[in-house]
Amino acid sequence: MTREIALTLLATVSPISELRGGIPLGILEFGLDPLFTFFIAVIANTLIFFPIFFALRFFYDKFLFRIPLFDKYLDSLRKRGKPKVEKYGFWGLALVVAIPLPLTGAYTGTILAWLVGMDWKKAFPAVGLGVIVAGVVVLLITLGVISIP
């Protein structure tokens, strides 16, 4: 059972599958309890925020700011994105993370939040909410409660 939980967590923290892969793997392939699988997937996927966000901040502060083209691009992106962040910020980020499709999820939401200069204290709850919503959708699809055409 420990191996199955570890593999489920590994799929969940993988940037390609995230909980869209972890929840079905744990339930359908390994026969783990659906609620247990949901909770460990949501917690693991949400906690990805911290290493990604702060690693981006660290690498930018230590290295990337020295690349004038990158620094200028990031500054321009943040200036252009500021009105959208102020208008849609929390809810927009939560929605991006909540849609359980490829190239959406905690990784994308965290990178997007960092790129547009959102404060981590505002971005983390938005990513967390998005992960919970995506987790519920994936769980319901996995259990056959809802179907996708």
# chains A, B, ... in the order shown; residues from 1 in each chain; ligands from 1

$ residues_around --residues "stretch 128-144 of chain A" --least-positions-apart "4" --cutoff "8 Å" --atoms "only C-alpha atoms" --output "compact mmCIF listing (two decimals) with N, CA and C atoms, in the first residue's frame"
# COMPACT_ATOMS: atom_id res chain seq x y z
N LEU A 19 -2.77 16.50 -10.26
CA LEU A 19 -3.80 15.64 -9.68
C LEU A 19 -4.75 15.07 -10.73
N ARG A 20 -4.70 15.61 -11.94
CA ARG A 20 -5.49 15.02 -13.03
C ARG A 20 -5.04 13.60 -13.34
N ILE A 23 -5.15 11.37 -9.04
CA ILE A 23 -6.42 10.87 -8.49
C ILE A 23 -6.90 9.63 -9.23
N PRO A 24 -7.00 9.65 -10.57
CA PRO A 24 -7.43 8.41 -11.25
C PRO A 24 -6.46 7.25 -11.02
N ILE A 27 -7.09 5.80 -7.47
CA ILE A 27 -8.39 5.15 -7.30
C ILE A 27 -8.57 3.97 -8.24
N LEU A 28 -8.36 4.21 -9.53
CA LEU A 28 -8.67 3.18 -10.53
C LEU A 28 -7.58 2.12 -10.66
N PRO A 34 -11.18 6.63 -2.32
CA PRO A 34 -11.35 7.88 -3.07
C PRO A 34 -11.13 9.15 -2.25
N PHE A 38 -8.15 11.77 -2.82
CA PHE A 38 -8.48 13.17 -3.07
C PHE A 38 -7.68 14.08 -2.13
N ALA A 41 -3.87 14.06 -2.76
CA ALA A 41 -3.57 14.71 -4.04
C ALA A 41 -3.72 16.22 -3.94
N VAL A 42 -4.78 16.68 -3.31
CA VAL A 42 -5.01 18.12 -3.17
C VAL A 42 -3.91 18.76 -2.32
N ASN A 45 -0.54 18.64 -4.32
CA ASN A 45 -0.57 19.54 -5.48
C ASN A 45 -0.57 21.00 -5.05
N THR A 46 -1.24 21.31 -3.96
CA THR A 46 -1.26 22.69 -3.45
C THR A 46 0.11 23.10 -2.93
N LEU A 93 -6.83 33.76 -11.29
CA LEU A 93 -5.80 32.74 -11.05
C LEU A 93 -6.45 31.44 -10.58
N ALA A 94 -7.41 31.54 -9.68
CA ALA A 94 -8.10 30.34 -9.20
C ALA A 94 -8.77 29.61 -10.36
N LEU A 95 -9.37 30.35 -11.30
CA LEU A 95 -10.03 29.73 -12.45
C LEU A 95 -9.03 29.02 -13.36
N VAL A 96 -7.89 29.65 -13.61
CA VAL A 96 -6.86 29.02 -14.45
C VAL A 96 -6.43 27.69 -13.85
N VAL A 97 -6.27 27.65 -12.54
CA VAL A 97 -5.82 26.43 -11.88
C VAL A 97 -6.96 25.40 -11.82
N ALA A 98 -8.19 25.86 -11.67
CA ALA A 98 -9.33 24.97 -11.46
C ALA A 98 -9.73 24.17 -12.69
N ILE A 99 -9.44 24.67 -13.87
CA ILE A 99 -9.84 23.97 -15.09
C ILE A 99 -8.91 22.77 -15.28
N PRO A 100 -9.43 21.56 -15.14
CA PRO A 100 -8.55 20.38 -15.22
C PRO A 100 -8.23 19.97 -16.65
N GLY A 105 -3.27 24.26 -14.03
CA GLY A 105 -2.99 23.56 -12.78
C GLY A 105 -2.09 24.39 -11.89
N ALA A 106 -1.61 23.76 -10.82
CA ALA A 106 -0.83 24.46 -9.81
C ALA A 106 0.48 24.99 -10.36
N PHE A 124 -1.16 32.17 -3.25
CA PHE A 124 -1.27 30.82 -2.69
C PHE A 124 -2.71 30.40 -2.42
N ILE A 148 -17.60 13.32 -19.23
CA ILE A 148 -17.17 14.33 -20.20
C ILE A 148 -17.47 13.78 -21.58

$ residues_around --residues "A:Lys79" --least-positions-apart "6" --cutoff "12 Å" --atoms "only C-alpha atoms" --output "PyMOL selection string"
chain A and resi 72-73+85-86+115-118

$ write_last_selection --atoms "C-alpha atoms" --output "mmCIF file, in the first residue's frame"
data_model
loop_
_atom_site.group_PDB
_atom_site.id
_atom_site.type_symbol
_atom_site.label_atom_id
_atom_site.label_comp_id
_atom_site.auth_asym_id
_atom_site.auth_seq_id
_atom_site.Cartn_x
_atom_site.Cartn_y
_atom_site.Cartn_z
ATOM 1 C CA LYS A 72 13.072 44.228 -19.518
ATOM 2 C CA TYR A 73 10.547 41.632 -20.770
ATOM 3 C CA VAL A 85 -4.170 41.317 -12.025
ATOM 4 C CA GLU A 86 -5.964 44.117 -10.193
ATOM 5 C CA LEU A 115 5.319 36.348 -13.795
ATOM 6 C CA VAL A 116 2.667 38.999 -13.239
ATOM 7 C CA GLY A 117 4.088 39.918 -9.841
ATOM 8 C CA MET A 118 1.281 38.740 -7.560
#

$ atom_distance --atom1 "atom CA of A:Glu18" --atom2 "atom CA of A:Ile48"
9.8 Å

$ closest_residue --among "A:Ile16, A:Ala6, A:Met1, A:Val127" --to "A:Leu47" --atoms "only C-alpha atoms"
A:Val127

$ atom_distance --atom1 "atom CA of A:Ile40" --atom2 "atom CA of A:Trp114"
25.1 Å

$ closest_residue --among "A:Phe90, A:Phe63, A:Phe70, A:Phe58" --to "A:Gly109" --atoms "only C-alpha atoms"
A:Phe90

$ select_by_dssp --residues "chain A" --states "alpha helix (DSSP H)" --output "ChimeraX atom specification"
/A:2-13,18-24,34-47,49-62,68-98,106-115,120-142

$ closest_residue --among "A:Gly21, A:Gly31, A:Pro102, A:Gly89" --to "A:Pro125" --atoms "only C-alpha atoms"
A:Gly89

$ atom_distance --atom1 "atom CA of A:Val13" --atom2 "atom CA of A:Phe53"
14.5 Å

$ residues_around --residues "A:Phe30" --least-positions-apart "3" --cutoff "10 Å" --atoms "only C-alpha atoms" --output "count of residues only"
11

$ closest_residue --among "A:Ser76, A:Ala55, A:Ala44, A:Phe39" --to "A:Ala11" --atoms "only C-alpha atoms"
A:Ala44

$ decode --residues "stretch 75-129 of chain A" --atoms "C-alpha atoms" --output "mmCIF file, in the first residue's frame"
data_model
loop_
_atom_site.group_PDB
_atom_site.id
_atom_site.type_symbol
_atom_site.label_atom_id
_atom_site.label_comp_id
_atom_site.auth_asym_id
_atom_site.auth_seq_id
_atom_site.Cartn_x
_atom_site.Cartn_y
_atom_site.Cartn_z
ATOM 1 C CA ASP A 75 9.072 44.370 -16.284
ATOM 2 C CA SER A 76 6.999 45.008 -19.415
ATOM 3 C CA LEU A 77 4.873 41.914 -18.782
ATOM 4 C CA ARG A 78 4.166 42.989 -15.215
ATOM 5 C CA LYS A 79 3.234 46.529 -16.271
ATOM 6 C CA ARG A 80 0.877 45.240 -18.971
ATOM 7 C CA GLY A 81 -0.567 42.600 -16.665
ATOM 8 C CA LYS A 82 -1.087 44.905 -13.687
ATOM 9 C CA PRO A 83 -4.608 46.070 -14.721
ATOM 10 C CA LYS A 84 -5.690 42.468 -15.305
ATOM 11 C CA VAL A 85 -4.170 41.317 -12.025
ATOM 12 C CA GLU A 86 -5.964 44.117 -10.193
ATOM 13 C CA LYS A 87 -9.236 43.299 -11.949
ATOM 14 C CA TYR A 88 -9.188 39.470 -12.036
ATOM 15 C CA GLY A 89 -6.257 38.611 -9.688
ATOM 16 C CA PHE A 90 -7.439 36.064 -7.146
ATOM 17 C CA TRP A 91 -10.466 34.731 -9.045
ATOM 18 C CA GLY A 92 -8.736 34.711 -12.419
ATOM 19 C CA LEU A 93 -5.802 32.740 -11.050
ATOM 20 C CA ALA A 94 -8.104 30.340 -9.201
ATOM 21 C CA LEU A 95 -10.031 29.729 -12.447
ATOM 22 C CA VAL A 96 -6.858 29.022 -14.448
ATOM 23 C CA VAL A 97 -5.825 26.430 -11.876
ATOM 24 C CA ALA A 98 -9.331 24.971 -11.463
ATOM 25 C CA ILE A 99 -9.835 23.967 -15.093
ATOM 26 C CA PRO A 100 -8.554 20.382 -15.215
ATOM 27 C CA LEU A 101 -7.031 20.539 -18.696
ATOM 28 C CA PRO A 102 -3.466 20.194 -19.955
ATOM 29 C CA LEU A 103 -1.305 23.261 -19.273
ATOM 30 C CA THR A 104 -3.495 24.395 -16.407
ATOM 31 C CA GLY A 105 -2.991 23.563 -12.781
ATOM 32 C CA ALA A 106 -0.830 24.456 -9.810
ATOM 33 C CA TYR A 107 2.422 24.710 -11.770
ATOM 34 C CA THR A 108 0.988 26.987 -14.431
ATOM 35 C CA GLY A 109 -0.905 29.073 -11.886
ATOM 36 C CA THR A 110 2.172 29.496 -9.701
ATOM 37 C CA ILE A 111 4.381 30.484 -12.627
ATOM 38 C CA LEU A 112 1.712 32.885 -13.895
ATOM 39 C CA ALA A 113 1.346 34.467 -10.450
ATOM 40 C CA TRP A 114 5.096 35.004 -10.238
ATOM 41 C CA LEU A 115 5.319 36.348 -13.795
ATOM 42 C CA VAL A 116 2.667 38.999 -13.239
ATOM 43 C CA GLY A 117 4.088 39.918 -9.841
ATOM 44 C CA MET A 118 1.281 38.740 -7.560
ATOM 45 C CA ASP A 119 2.088 38.682 -3.875
ATOM 46 C CA TRP A 120 2.505 35.077 -2.732
ATOM 47 C CA LYS A 121 0.046 35.680 0.134
ATOM 48 C CA LYS A 122 -2.669 36.407 -2.414
ATOM 49 C CA ALA A 123 -1.534 33.851 -5.001
ATOM 50 C CA PHE A 124 -1.272 30.824 -2.689
ATOM 51 C CA PRO A 125 -4.931 30.819 -1.578
ATOM 52 C CA ALA A 126 -6.023 31.278 -5.214
ATOM 53 C CA VAL A 127 -3.887 28.331 -6.349
ATOM 54 C CA GLY A 128 -5.157 26.297 -3.388
ATOM 55 C CA LEU A 129 -8.796 27.037 -4.215
#
